[in-house]
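File shown: coords_36.tsv. Contents: TSV, C-alpha atoms.
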```
chain	number	residue	atom	x	y	z
A	1452	MET	CA	86.77	-48.85	68.49
A	1453	ILE	CA	88.07	-46.57	65.76
A	1454	THR	CA	91.69	-47.03	64.68
A	1455	THR	CA	92.14	-44.24	62.13
A	1456	ASN	CA	92.16	-40.48	62.63
A	1457	TYR	CA	92.88	-37.84	60.01
A	1458	HIS	CA	92.74	-34.65	62.06
A	1459	VAL	CA	95.84	-33.97	64.17
A	1460	HIS	CA	97.39	-30.56	64.88
A	1461	THR	CA	100.79	-29.48	66.16
A	1462	HIS	CA	102.13	-26.68	68.35
A	1463	ARG	CA	102.92	-24.67	65.21
A	1464	CYS	CA	99.30	-23.52	64.87
A	1465	ASN	CA	99.62	-21.51	68.11
A	1466	HIS	CA	96.67	-23.16	69.86
A	1467	ALA	CA	97.82	-26.77	70.27
A	1468	GLU	CA	100.31	-28.30	72.70
A	1469	GLY	CA	102.86	-31.09	72.72
A	1470	ARG	CA	105.68	-32.34	70.53
A	1471	ASP	CA	105.01	-34.07	67.23
A	1472	ARG	CA	106.43	-37.27	68.72
A	1473	ASP	CA	104.02	-37.06	71.66
A	1474	TYR	CA	101.03	-37.22	69.31
A	1475	VAL	CA	102.42	-40.27	67.53
A	1476	GLU	CA	103.16	-42.12	70.76
A	1477	ALA	CA	99.76	-41.23	72.21
A	1478	ALA	CA	98.04	-42.54	69.07
A	1479	ILE	CA	99.98	-45.80	69.25
A	1480	ALA	CA	99.19	-46.22	72.94
A	1481	ALA	CA	95.50	-45.63	72.22
A	1482	GLY	CA	95.46	-48.36	69.55
A	1483	PHE	CA	95.41	-46.31	66.35
A	1484	SER	CA	96.78	-47.88	63.18
A	1485	GLU	CA	96.84	-44.76	60.97
A	1486	ILE	CA	96.79	-41.03	61.62
A	1487	ALA	CA	97.23	-37.92	59.50
A	1488	PHE	CA	98.80	-34.73	60.70
A	1489	THR	CA	96.66	-32.00	59.16
A	1490	ASP	CA	97.70	-28.86	60.96
A	1491	HIS	CA	96.17	-25.51	60.02
A	1492	SER	CA	97.70	-24.54	56.72
A	1493	PRO	CA	99.83	-21.45	56.37
A	1494	TRP	CA	98.70	-19.14	53.60
A	1495	PRO	CA	100.36	-16.23	51.86
A	1496	LEU	CA	98.65	-13.61	54.00
A	1497	HIS	CA	96.90	-10.45	52.93
A	1498	PRO	CA	97.84	-7.28	54.88
A	1499	TYR	CA	94.65	-7.47	56.94
A	1500	GLU	CA	95.19	-11.10	58.03
A	1501	ASN	CA	97.23	-11.98	61.11
A	1502	GLY	CA	97.45	-15.77	60.74
A	1503	MET	CA	97.25	-16.29	64.50
A	1504	ILE	CA	95.48	-19.66	64.29
A	1505	ARG	CA	97.90	-21.21	61.80
A	1506	MET	CA	101.56	-21.96	61.33
A	1507	LYS	CA	103.76	-19.41	59.61
A	1508	LEU	CA	104.91	-20.11	56.08
A	1509	ALA	CA	108.48	-20.31	57.33
A	1510	LEU	CA	107.55	-23.29	59.56
A	1511	LEU	CA	106.15	-25.47	56.79
A	1512	PRO	CA	109.50	-27.11	55.86
A	1513	ASP	CA	110.13	-27.96	59.53
A	1514	TYR	CA	106.61	-29.39	59.84
A	1515	VAL	CA	107.05	-31.68	56.85
A	1516	ASN	CA	110.60	-32.73	57.72
A	1517	SER	CA	109.71	-33.52	61.34
A	1518	LEU	CA	106.76	-35.66	60.30
A	1519	ARG	CA	108.74	-37.48	57.60
A	1520	GLN	CA	111.29	-38.48	60.21
A	1521	LEU	CA	108.55	-39.75	62.53
A	1522	LYS	CA	106.82	-41.53	59.63
A	1523	GLU	CA	110.00	-43.50	59.00
A	1524	GLU	CA	110.89	-44.05	62.65
A	1525	TYR	CA	107.47	-45.44	63.59
A	1526	LYS	CA	106.60	-47.18	60.31
A	1527	ASP	CA	106.41	-50.59	61.96
A	1528	LYS	CA	103.99	-49.34	64.62
A	1529	ILE	CA	101.67	-46.87	62.88
A	1530	SER	CA	100.99	-45.39	59.45
A	1531	ILE	CA	101.44	-41.61	59.34
A	1532	LYS	CA	100.15	-39.34	56.57
A	1533	ILE	CA	101.32	-35.76	56.16
A	1534	GLY	CA	98.80	-33.13	55.13
A	1535	LEU	CA	97.13	-29.85	55.99
A	1536	GLU	CA	93.74	-28.51	57.05
A	1537	CYS	CA	92.87	-25.76	54.57
A	1538	GLU	CA	90.13	-23.28	53.88
A	1539	TYR	CA	88.86	-22.63	50.37
A	1540	PHE	CA	90.39	-19.29	49.41
A	1541	ALA	CA	89.75	-18.97	45.68
A	1542	ASP	CA	92.55	-16.46	45.13
A	1543	ARG	CA	95.14	-18.77	46.73
A	1544	MET	CA	94.23	-22.17	45.34
A	1545	GLU	CA	97.09	-22.21	42.84
A	1546	TRP	CA	99.51	-21.59	45.71
A	1547	LEU	CA	97.95	-24.53	47.58
A	1548	LYS	CA	98.23	-26.85	44.58
A	1549	ASP	CA	101.87	-25.86	44.12
A	1550	THR	CA	102.50	-26.49	47.84
A	1551	ILE	CA	100.92	-29.94	47.67
A	1552	ARG	CA	103.24	-30.85	44.79
A	1553	LYS	CA	106.33	-29.27	46.35
A	1554	TYR	CA	106.00	-31.11	49.66
A	1555	ASP	CA	104.28	-34.23	48.32
A	1556	LEU	CA	101.41	-33.81	50.79
A	1557	GLU	CA	99.19	-36.85	51.14
A	1558	LEU	CA	95.91	-35.45	52.44
A	1559	ILE	CA	94.25	-32.05	52.36
A	1560	ILE	CA	91.21	-31.74	54.58
A	1561	LEU	CA	88.67	-28.97	54.21
A	1562	GLY	CA	88.36	-26.81	57.30
A	1563	ASN	CA	85.88	-24.21	56.07
A	1564	HIS	CA	86.58	-21.65	58.78
A	1565	PHE	CA	86.62	-18.34	56.92
A	1566	HIS	CA	84.93	-16.79	53.89
A	1567	GLU	CA	87.44	-15.33	51.39
A	1568	TYR	CA	89.99	-14.26	54.00
A	1569	GLU	CA	90.87	-14.73	57.65
A	1570	HIS	CA	89.12	-12.24	59.89
A	1571	HIS	CA	86.98	-12.73	62.99
A	1572	THR	CA	83.93	-11.27	61.23
A	1573	ARG	CA	84.35	-13.84	58.44
A	1574	TYR	CA	84.62	-16.87	60.72
A	1575	PHE	CA	81.75	-19.21	59.94
A	1576	GLY	CA	81.48	-20.11	63.61
A	1577	SER	CA	80.49	-16.54	64.50
A	1578	TYR	CA	79.67	-15.00	61.14
A	1579	LYS	CA	78.81	-11.32	61.21
A	1580	ASP	CA	76.76	-11.33	58.01
A	1581	LYS	CA	73.94	-13.54	59.31
A	1582	LYS	CA	71.76	-12.90	56.26
A	1583	ASN	CA	74.31	-14.47	53.93
A	1584	LEU	CA	75.81	-17.07	56.26
A	1585	LEU	CA	74.32	-20.13	54.61
A	1586	ARG	CA	74.74	-18.76	51.10
A	1587	ASP	CA	78.44	-18.08	51.64
A	1588	TYR	CA	79.17	-21.27	53.56
A	1589	THR	CA	77.44	-23.43	50.99
A	1590	ALA	CA	79.10	-21.70	48.03
A	1591	ASP	CA	82.59	-22.04	49.51
A	1592	THR	CA	81.98	-25.65	50.45
A	1593	LEU	CA	80.68	-26.69	47.05
A	1594	ALA	CA	83.54	-24.91	45.27
A	1595	ALA	CA	86.04	-26.68	47.51
A	1596	ILE	CA	84.47	-30.07	46.93
A	1597	GLU	CA	84.37	-29.56	43.18
A	1598	SER	CA	88.01	-28.42	43.09
A	1599	GLY	CA	89.23	-31.97	43.61
A	1600	VAL	CA	91.86	-30.79	46.10
A	1601	TYR	CA	90.21	-31.92	49.34
A	1602	GLY	CA	89.92	-35.53	50.43
A	1603	TYR	CA	88.00	-35.13	53.69
A	1604	PHE	CA	85.62	-32.55	55.19
A	1605	ALA	CA	86.35	-31.55	58.77
A	1606	HIS	CA	83.51	-30.31	61.01
A	1607	PRO	CA	81.11	-29.76	58.07
A	1608	ASP	CA	78.47	-28.35	60.43
A	1609	ILE	CA	80.65	-25.60	61.94
A	1610	PHE	CA	78.22	-23.00	60.57
A	1611	VAL	CA	75.66	-24.05	63.18
A	1612	ARG	CA	77.52	-21.95	65.74
A	1613	SER	CA	76.33	-18.84	63.89
A	1614	LEU	CA	72.65	-19.85	64.01
A	1615	THR	CA	70.06	-18.85	66.55
A	1616	GLN	CA	67.56	-21.39	65.24
A	1617	TRP	CA	67.46	-24.29	62.81
A	1618	THR	CA	65.58	-23.24	59.69
A	1619	GLN	CA	64.44	-24.72	56.41
A	1620	GLU	CA	67.31	-22.82	54.77
A	1621	ALA	CA	69.77	-24.59	57.08
A	1622	GLU	CA	68.07	-27.88	56.25
A	1623	ASN	CA	68.40	-27.26	52.52
A	1624	ALA	CA	72.02	-26.09	52.75
A	1625	SER	CA	73.00	-29.12	54.81
A	1626	ARG	CA	71.39	-31.54	52.39
A	1627	MET	CA	73.03	-29.85	49.40
A	1628	ILE	CA	76.46	-30.04	51.04
A	1629	LEU	CA	76.06	-33.64	52.13
A	1630	GLU	CA	74.77	-34.76	48.76
A	1631	SER	CA	77.76	-33.14	47.06
A	1632	CYS	CA	80.14	-34.87	49.48
A	1633	LYS	CA	78.56	-38.20	48.69
A	1634	GLU	CA	78.67	-37.57	44.95
A	1635	HIS	CA	82.38	-36.72	45.12
A	1636	HIS	CA	83.23	-39.53	47.59
A	1637	ILE	CA	84.42	-37.16	50.31
A	1638	PRO	CA	84.07	-38.40	53.90
A	1639	VAL	CA	82.40	-36.06	56.38
A	1640	GLU	CA	83.74	-35.74	59.88
A	1641	TYR	CA	81.87	-36.00	63.16
A	1642	ASN	CA	84.21	-33.67	65.02
A	1643	LEU	CA	85.20	-34.39	68.61
A	1644	GLY	CA	86.74	-30.94	69.00
A	1645	GLY	CA	83.19	-29.64	68.91
A	1646	VAL	CA	82.20	-32.22	71.51
A	1647	ARG	CA	85.02	-31.11	73.81
A	1648	SER	CA	83.94	-27.46	73.56
A	1649	ARG	CA	80.18	-27.87	73.70
A	1650	PHE	CA	79.36	-24.57	75.40
A	1651	PHE	CA	76.84	-23.13	72.95
A	1652	GLU	CA	73.20	-24.09	72.50
A	1653	PHE	CA	73.82	-24.15	68.76
A	1654	THR	CA	77.12	-25.84	68.03
A	1655	TYR	CA	78.61	-28.78	66.23
A	1656	PRO	CA	78.24	-31.71	65.93
A	1657	TYR	CA	74.59	-30.75	65.47
A	1658	PRO	CA	72.17	-33.71	65.70
A	1659	ARG	CA	69.86	-32.73	62.84
A	1660	PHE	CA	72.80	-32.32	60.47
A	1661	TRP	CA	73.83	-35.90	61.19
A	1662	GLU	CA	70.29	-37.17	60.77
A	1663	ILE	CA	70.46	-35.73	57.24
A	1664	ALA	CA	73.85	-37.41	56.71
A	1665	ALA	CA	72.18	-40.71	57.65
A	1666	GLU	CA	69.39	-40.06	55.13
A	1667	VAL	CA	71.86	-39.14	52.39
A	1668	GLY	CA	74.12	-42.10	53.16
A	1669	ASN	CA	77.41	-40.28	53.63
A	1670	ASP	CA	80.76	-41.84	54.44
A	1671	VAL	CA	81.11	-40.65	58.05
A	1672	ARG	CA	84.36	-40.60	59.99
A	1673	ILE	CA	85.05	-39.58	63.58
A	1674	GLY	CA	87.75	-36.92	63.79
A	1675	ILE	CA	89.56	-36.40	67.06
A	1676	ASP	CA	90.76	-32.94	65.98
A	1677	ALA	CA	93.67	-33.46	68.36
A	1678	HIS	CA	95.15	-30.30	69.83
A	1679	SER	CA	96.81	-32.24	72.64
A	1680	PRO	CA	98.25	-35.77	72.71
A	1681	MET	CA	95.80	-36.53	75.51
A	1682	ASP	CA	92.89	-36.13	73.09
A	1683	PHE	CA	93.71	-39.60	71.72
A	1684	HIS	CA	92.83	-41.03	75.12
A	1685	ASP	CA	89.37	-39.45	75.33
A	1686	LYS	CA	87.72	-42.82	74.93
A	1687	LYS	CA	84.37	-41.66	76.29
A	1688	SER	CA	83.90	-39.03	73.57
A	1689	ILE	CA	84.82	-41.56	70.90
A	1690	ASP	CA	82.47	-44.21	72.28
A	1691	ASP	CA	79.63	-41.72	72.71
A	1692	ALA	CA	80.10	-40.55	69.11
A	1693	VAL	CA	79.99	-44.09	67.78
A	1694	SER	CA	76.86	-44.84	69.82
A	1695	PHE	CA	75.08	-41.68	68.65
A	1696	LEU	CA	75.91	-42.27	64.99
A	1697	ASN	CA	74.91	-45.92	65.25
A	1698	SER	CA	71.58	-44.83	66.72
A	1699	LEU	CA	70.96	-42.94	63.46
A	1700	GLY	CA	71.85	-45.98	61.39
A	1701	ILE	CA	75.31	-44.67	60.51
A	1702	ILE	CA	78.07	-47.24	60.68
A	1703	VAL	CA	81.28	-45.29	61.15
A	1704	ASP	CA	83.78	-46.05	58.39
A	1705	ASP	CA	87.18	-46.87	59.84
A	1706	LYS	CA	88.97	-47.86	56.62
A	1707	ARG	CA	92.19	-46.11	55.75
A	1708	ILE	CA	91.87	-43.20	53.36
```

Any chance you could give the structure as structure tokens?
Amino acid sequence: MITTNYHVHTHRCNHAEGRDRDYVEAAIAAGFSEIAFTDHSPWPLHPYENGMIRMKLALLPDYVNSLRQLKEEYKDKISIKIGLECEYFADRMEWLKDTIRKYDLELIILGNHFHEYEHHTRYFGSYKDKKNLLRDYTADTLAAIESGVYGYFAHPDIFVRSLTQWTQEAENASRMILESCKEHHIPVEYNLGGVRSRFFEFTYPYPRFWEIAAEVGNDVRIGIDAHSPMDFHDKKSIDDAVSFLNSLGIIVDDKRI
């Protein structure tokens, strides 16, 4: 059984449901000892970005204040960290660093969804520029890792959704990313959100990617990627993930971050 989870969203991101309190109580009921709220970060948006999959900047104070109250209220039952899931947008990293300091955020997880800016053609899960998919994904990932800002890598194999076949280039990119994560002591996440939406032939979690993680010796965590309080009770997906990773020789790390 896993008892820690560092990937929890809230209704503010526009595609999750439930009150903040509902997530905390569901996690406690499911036997978790520590969780992190890491909702999709707001960003100062460019004119061509709509921010539909993330909270608005104006909601960030409410997000932090709500979670601080719950952190205190439930401190004897569960440990709660407050953070964000963020892309690597080079032109907005100083804003992110300032935001981390301003709100005393405890964990920033890398959700490498978009290249340079938010637009459906730039989403790594359905990337329009197939020729440069792996180049761009790898470059953004390595820059994020080397920035020192991110403490955890969510769904590191999200790029697989843009593939039509697994290639040597994908093999090389995956190994480069995983080796960098290991070098910088960044856990990689086996993402259960991908398990819950497994409707593509090529999707994440992708088995070969995790075979490489086993070869590299990465610190692997299971991330619930909760968009509903009920996701904490999806015991089958959690157990299946543990069994699959164990079959590769990966012992899932459940220590607190």

Worksheet item: With only C-alpha atoms as the basis for distance, which of A:Phe1604, A:Tyr1655, A:Phe1575, A:Trp1494 is at the shortest distance from Val1639 of chain A?
Response: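 With only C-alpha atoms as the atom set, the closest residue is A:Phe1604.
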
Practice prompt. Mind checking which residues fall within 6 Å of segment 1472-1484 of chain A, counting all atoms listed in the file, ignoring those fewer than 4 positions away in the same chain, and posting them as a ChimeraX atom specification?
Written response: /A:1454-1455,1529,1680,1683

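Proximity of A:Thr1615, A:Thr1654, A:Thr1589, A:Ser1577 to Cys1632 of chain A, computed with only C-alpha atoms, is greatest for A:Thr1589.
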
Fill in: Pick from A:Ile1453, A:Ile1702, A:Ile1533, A:Ile1628 nearest to Ala1594 of chain A, counting all atoms listed in the file
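Smallest distance to Ala1594 of chain A is found for A:Ile1628.
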
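Between atom CA of Met1681 of chain A and atom CA of His1462 of chain A lies a distance of 13.7 Å.
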
Worksheet entry | Surrounding residues of segment 1556-1572 of chain A excluding itself and chain neighbours under 3 positions, 6 Å, only C-alpha atoms, as a list of chain:residue names | A:Glu1500, A:Ile1533, A:Gly1534, A:Leu1535, A:Glu1536, A:Cys1537, A:Glu1538, A:Phe1540, A:Ile1551, A:Phe1575, A:Tyr1578, A:Lys1579, A:Tyr1601, A:Gly1602, A:Tyr1603, A:Phe1604, A:Ala1605

Practice prompt. Around the point (105.6, -34.5, 59.8) in the file's coordinates, collect all residues with an atom within 12 Å, using all atoms listed in the file, and return them as number ranges by chain.
Written response: A: 1459-1461, 1463, 1470-1472, 1474-1475, 1486-1490, 1510-1525, 1530-1535, 1554-1557

Could you write those residues out with C-alpha atoms, as a PDB file, in the coordinates of the input?
```
ATOM      1  CA  VAL A1459      95.840 -33.970  64.170  1.00  0.00           C
ATOM      2  CA  HIS A1460      97.390 -30.560  64.880  1.00  0.00           C
ATOM      3  CA  THR A1461     100.790 -29.480  66.160  1.00  0.00           C
ATOM      4  CA  ARG A1463     102.920 -24.670  65.210  1.00  0.00           C
ATOM      5  CA  ARG A1470     105.680 -32.340  70.530  1.00  0.00           C
ATOM      6  CA  ASP A1471     105.010 -34.070  67.230  1.00  0.00           C
ATOM      7  CA  ARG A1472     106.430 -37.270  68.720  1.00  0.00           C
ATOM      8  CA  TYR A1474     101.030 -37.220  69.310  1.00  0.00           C
ATOM      9  CA  VAL A1475     102.420 -40.270  67.530  1.00  0.00           C
ATOM     10  CA  ILE A1486      96.790 -41.030  61.620  1.00  0.00           C
ATOM     11  CA  ALA A1487      97.230 -37.920  59.500  1.00  0.00           C
ATOM     12  CA  PHE A1488      98.800 -34.730  60.700  1.00  0.00           C
ATOM     13  CA  THR A1489      96.660 -32.000  59.160  1.00  0.00           C
ATOM     14  CA  ASP A1490      97.700 -28.860  60.960  1.00  0.00           C
ATOM     15  CA  LEU A1510     107.550 -23.290  59.560  1.00  0.00           C
ATOM     16  CA  LEU A1511     106.150 -25.470  56.790  1.00  0.00           C
ATOM     17  CA  PRO A1512     109.500 -27.110  55.860  1.00  0.00           C
ATOM     18  CA  ASP A1513     110.130 -27.960  59.530  1.00  0.00           C
ATOM     19  CA  TYR A1514     106.610 -29.390  59.840  1.00  0.00           C
ATOM     20  CA  VAL A1515     107.050 -31.680  56.850  1.00  0.00           C
ATOM     21  CA  ASN A1516     110.600 -32.730  57.720  1.00  0.00           C
ATOM     22  CA  SER A1517     109.710 -33.520  61.340  1.00  0.00           C
ATOM     23  CA  LEU A1518     106.760 -35.660  60.300  1.00  0.00           C
ATOM     24  CA  ARG A1519     108.740 -37.480  57.600  1.00  0.00           C
ATOM     25  CA  GLN A1520     111.290 -38.480  60.210  1.00  0.00           C
ATOM     26  CA  LEU A1521     108.550 -39.750  62.530  1.00  0.00           C
ATOM     27  CA  LYS A1522     106.820 -41.530  59.630  1.00  0.00           C
ATOM     28  CA  GLU A1523     110.000 -43.500  59.000  1.00  0.00           C
ATOM     29  CA  GLU A1524     110.890 -44.050  62.650  1.00  0.00           C
ATOM     30  CA  TYR A1525     107.470 -45.440  63.590  1.00  0.00           C
ATOM     31  CA  SER A1530     100.990 -45.390  59.450  1.00  0.00           C
ATOM     32  CA  ILE A1531     101.440 -41.610  59.340  1.00  0.00           C
ATOM     33  CA  LYS A1532     100.150 -39.340  56.570  1.00  0.00           C
ATOM     34  CA  ILE A1533     101.320 -35.760  56.160  1.00  0.00           C
ATOM     35  CA  GLY A1534      98.800 -33.130  55.130  1.00  0.00           C
ATOM     36  CA  LEU A1535      97.130 -29.850  55.990  1.00  0.00           C
ATOM     37  CA  TYR A1554     106.000 -31.110  49.660  1.00  0.00           C
ATOM     38  CA  ASP A1555     104.280 -34.230  48.320  1.00  0.00           C
ATOM     39  CA  LEU A1556     101.410 -33.810  50.790  1.00  0.00           C
ATOM     40  CA  GLU A1557      99.190 -36.850  51.140  1.00  0.00           C
TER      41      GLU A1557
END
```

Discussion item. Taking only C-alpha atoms into account, name the residue in A:Val1646, A:Val1693, A:Ala1621, A:Cys1464 that is nearest to Arg1505 of chain A.
Written reply: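 Going through A:Val1646, A:Val1693, A:Ala1621, A:Cys1464 one by one, the smallest distance to Arg1505 of chain A is for A:Cys1464.
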
Mind writing segment 1619-1649 of chain A to a file for me, with N, CA and C atoms, as a PDB file, in the first residue's frame?
```
ATOM      1  N   GLN A1619      14.084   4.513 -31.840  1.00  0.00           N
ATOM      2  CA  GLN A1619      15.354   4.655 -31.140  1.00  0.00           C
ATOM      3  C   GLN A1619      15.510   6.066 -30.584  1.00  0.00           C
ATOM      4  N   GLU A1620      14.972   7.054 -31.289  1.00  0.00           N
ATOM      5  CA  GLU A1620      15.021   8.432 -30.790  1.00  0.00           C
ATOM      6  C   GLU A1620      14.237   8.559 -29.488  1.00  0.00           C
ATOM      7  N   ALA A1621      13.078   7.910 -29.411  1.00  0.00           N
ATOM      8  CA  ALA A1621      12.297   7.925 -28.181  1.00  0.00           C
ATOM      9  C   ALA A1621      13.040   7.209 -27.064  1.00  0.00           C
ATOM     10  N   GLU A1622      13.699   6.124 -27.420  1.00  0.00           N
ATOM     11  CA  GLU A1622      14.518   5.379 -26.452  1.00  0.00           C
ATOM     12  C   GLU A1622      15.616   6.279 -25.890  1.00  0.00           C
ATOM     13  N   ASN A1623      16.318   6.966 -26.771  1.00  0.00           N
ATOM     14  CA  ASN A1623      17.436   7.809 -26.346  1.00  0.00           C
ATOM     15  C   ASN A1623      16.954   8.984 -25.496  1.00  0.00           C
ATOM     16  N   ALA A1624      15.849   9.608 -25.917  1.00  0.00           N
ATOM     17  CA  ALA A1624      15.314  10.744 -25.172  1.00  0.00           C
ATOM     18  C   ALA A1624      14.875  10.312 -23.773  1.00  0.00           C
ATOM     19  N   SER A1625      14.223   9.177 -23.695  1.00  0.00           N
ATOM     20  CA  SER A1625      13.750   8.679 -22.401  1.00  0.00           C
ATOM     21  C   SER A1625      14.921   8.412 -21.465  1.00  0.00           C
ATOM     22  N   ARG A1626      15.945   7.785 -21.979  1.00  0.00           N
ATOM     23  CA  ARG A1626      17.107   7.471 -21.141  1.00  0.00           C
ATOM     24  C   ARG A1626      17.798   8.760 -20.677  1.00  0.00           C
ATOM     25  N   MET A1627      17.903   9.733 -21.562  1.00  0.00           N
ATOM     26  CA  MET A1627      18.552  10.999 -21.200  1.00  0.00           C
ATOM     27  C   MET A1627      17.773  11.695 -20.087  1.00  0.00           C
ATOM     28  N   ILE A1628      16.458  11.717 -20.224  1.00  0.00           N
ATOM     29  CA  ILE A1628      15.599  12.345 -19.210  1.00  0.00           C
ATOM     30  C   ILE A1628      15.709  11.613 -17.880  1.00  0.00           C
ATOM     31  N   LEU A1629      15.611  10.311 -17.916  1.00  0.00           N
ATOM     32  CA  LEU A1629      15.638   9.531 -16.682  1.00  0.00           C
ATOM     33  C   LEU A1629      16.992   9.595 -15.996  1.00  0.00           C
ATOM     34  N   GLU A1630      18.054   9.611 -16.767  1.00  0.00           N
ATOM     35  CA  GLU A1630      19.382   9.730 -16.168  1.00  0.00           C
ATOM     36  C   GLU A1630      19.564  11.096 -15.512  1.00  0.00           C
ATOM     37  N   SER A1631      19.018  12.145 -16.124  1.00  0.00           N
ATOM     38  CA  SER A1631      19.101  13.471 -15.521  1.00  0.00           C
ATOM     39  C   SER A1631      18.292  13.533 -14.228  1.00  0.00           C
ATOM     40  N   CYS A1632      17.114  12.920 -14.217  1.00  0.00           N
ATOM     41  CA  CYS A1632      16.310  12.879 -12.999  1.00  0.00           C
ATOM     42  C   CYS A1632      17.063  12.176 -11.874  1.00  0.00           C
ATOM     43  N   LYS A1633      17.699  11.079 -12.199  1.00  0.00           N
ATOM     44  CA  LYS A1633      18.452  10.361 -11.175  1.00  0.00           C
ATOM     45  C   LYS A1633      19.609  11.203 -10.672  1.00  0.00           C
ATOM     46  N   GLU A1634      20.322  11.834 -11.588  1.00  0.00           N
ATOM     47  CA  GLU A1634      21.477  12.656 -11.200  1.00  0.00           C
ATOM     48  C   GLU A1634      21.068  13.793 -10.270  1.00  0.00           C
ATOM     49  N   HIS A1635      19.889  14.368 -10.513  1.00  0.00           N
ATOM     50  CA  HIS A1635      19.432  15.510  -9.721  1.00  0.00           C
ATOM     51  C   HIS A1635      18.480  15.097  -8.594  1.00  0.00           C
ATOM     52  N   HIS A1636      18.347  13.799  -8.360  1.00  0.00           N
ATOM     53  CA  HIS A1636      17.541  13.273  -7.245  1.00  0.00           C
ATOM     54  C   HIS A1636      16.087  13.722  -7.325  1.00  0.00           C
ATOM     55  N   ILE A1637      15.525  13.660  -8.524  1.00  0.00           N
ATOM     56  CA  ILE A1637      14.128  14.032  -8.739  1.00  0.00           C
ATOM     57  C   ILE A1637      13.304  12.769  -8.983  1.00  0.00           C
ATOM     58  N   PRO A1638      12.331  12.489  -8.138  1.00  0.00           N
ATOM     59  CA  PRO A1638      11.478  11.313  -8.350  1.00  0.00           C
ATOM     60  C   PRO A1638      10.667  11.439  -9.631  1.00  0.00           C
ATOM     61  N   VAL A1639      10.447  10.308 -10.288  1.00  0.00           N
ATOM     62  CA  VAL A1639       9.603  10.273 -11.483  1.00  0.00           C
ATOM     63  C   VAL A1639       8.306   9.550 -11.139  1.00  0.00           C
ATOM     64  N   GLU A1640       7.229  10.039 -11.717  1.00  0.00           N
ATOM     65  CA  GLU A1640       5.905   9.593 -11.332  1.00  0.00           C
ATOM     66  C   GLU A1640       5.276   8.630 -12.338  1.00  0.00           C
ATOM     67  N   TYR A1641       4.852   7.483 -11.833  1.00  0.00           N
ATOM     68  CA  TYR A1641       4.000   6.566 -12.587  1.00  0.00           C
ATOM     69  C   TYR A1641       2.579   7.075 -12.381  1.00  0.00           C
ATOM     70  N   ASN A1642       2.003   7.659 -13.416  1.00  0.00           N
ATOM     71  CA  ASN A1642       0.814   8.489 -13.280  1.00  0.00           C
ATOM     72  C   ASN A1642      -0.481   7.702 -13.471  1.00  0.00           C
ATOM     73  N   LEU A1643      -1.321   7.699 -12.446  1.00  0.00           N
ATOM     74  CA  LEU A1643      -2.571   6.955 -12.522  1.00  0.00           C
ATOM     75  C   LEU A1643      -3.653   7.703 -13.296  1.00  0.00           C
ATOM     76  N   GLY A1644      -3.452   9.011 -13.530  1.00  0.00           N
ATOM     77  CA  GLY A1644      -4.378   9.706 -14.419  1.00  0.00           C
ATOM     78  C   GLY A1644      -4.313   9.121 -15.811  1.00  0.00           C
ATOM     79  N   GLY A1645      -3.102   8.773 -16.248  1.00  0.00           N
ATOM     80  CA  GLY A1645      -2.947   8.118 -17.539  1.00  0.00           C
ATOM     81  C   GLY A1645      -3.589   6.744 -17.561  1.00  0.00           C
ATOM     82  N   VAL A1646      -3.515   6.039 -16.437  1.00  0.00           N
ATOM     83  CA  VAL A1646      -4.158   4.725 -16.342  1.00  0.00           C
ATOM     84  C   VAL A1646      -5.671   4.868 -16.470  1.00  0.00           C
ATOM     85  N   ARG A1647      -6.220   5.883 -15.808  1.00  0.00           N
ATOM     86  CA  ARG A1647      -7.681   6.066 -15.825  1.00  0.00           C
ATOM     87  C   ARG A1647      -8.196   6.485 -17.193  1.00  0.00           C
ATOM     88  N   SER A1648      -7.334   7.059 -18.027  1.00  0.00           N
ATOM     89  CA  SER A1648      -7.773   7.510 -19.357  1.00  0.00           C
ATOM     90  C   SER A1648      -7.015   6.781 -20.459  1.00  0.00           C
ATOM     91  N   ARG A1649      -6.844   5.497 -20.291  1.00  0.00           N
ATOM     92  CA  ARG A1649      -6.063   4.712 -21.255  1.00  0.00           C
ATOM     93  C   ARG A1649      -6.928   4.382 -22.470  1.00  0.00           C
TER      94      ARG A1649
END
```
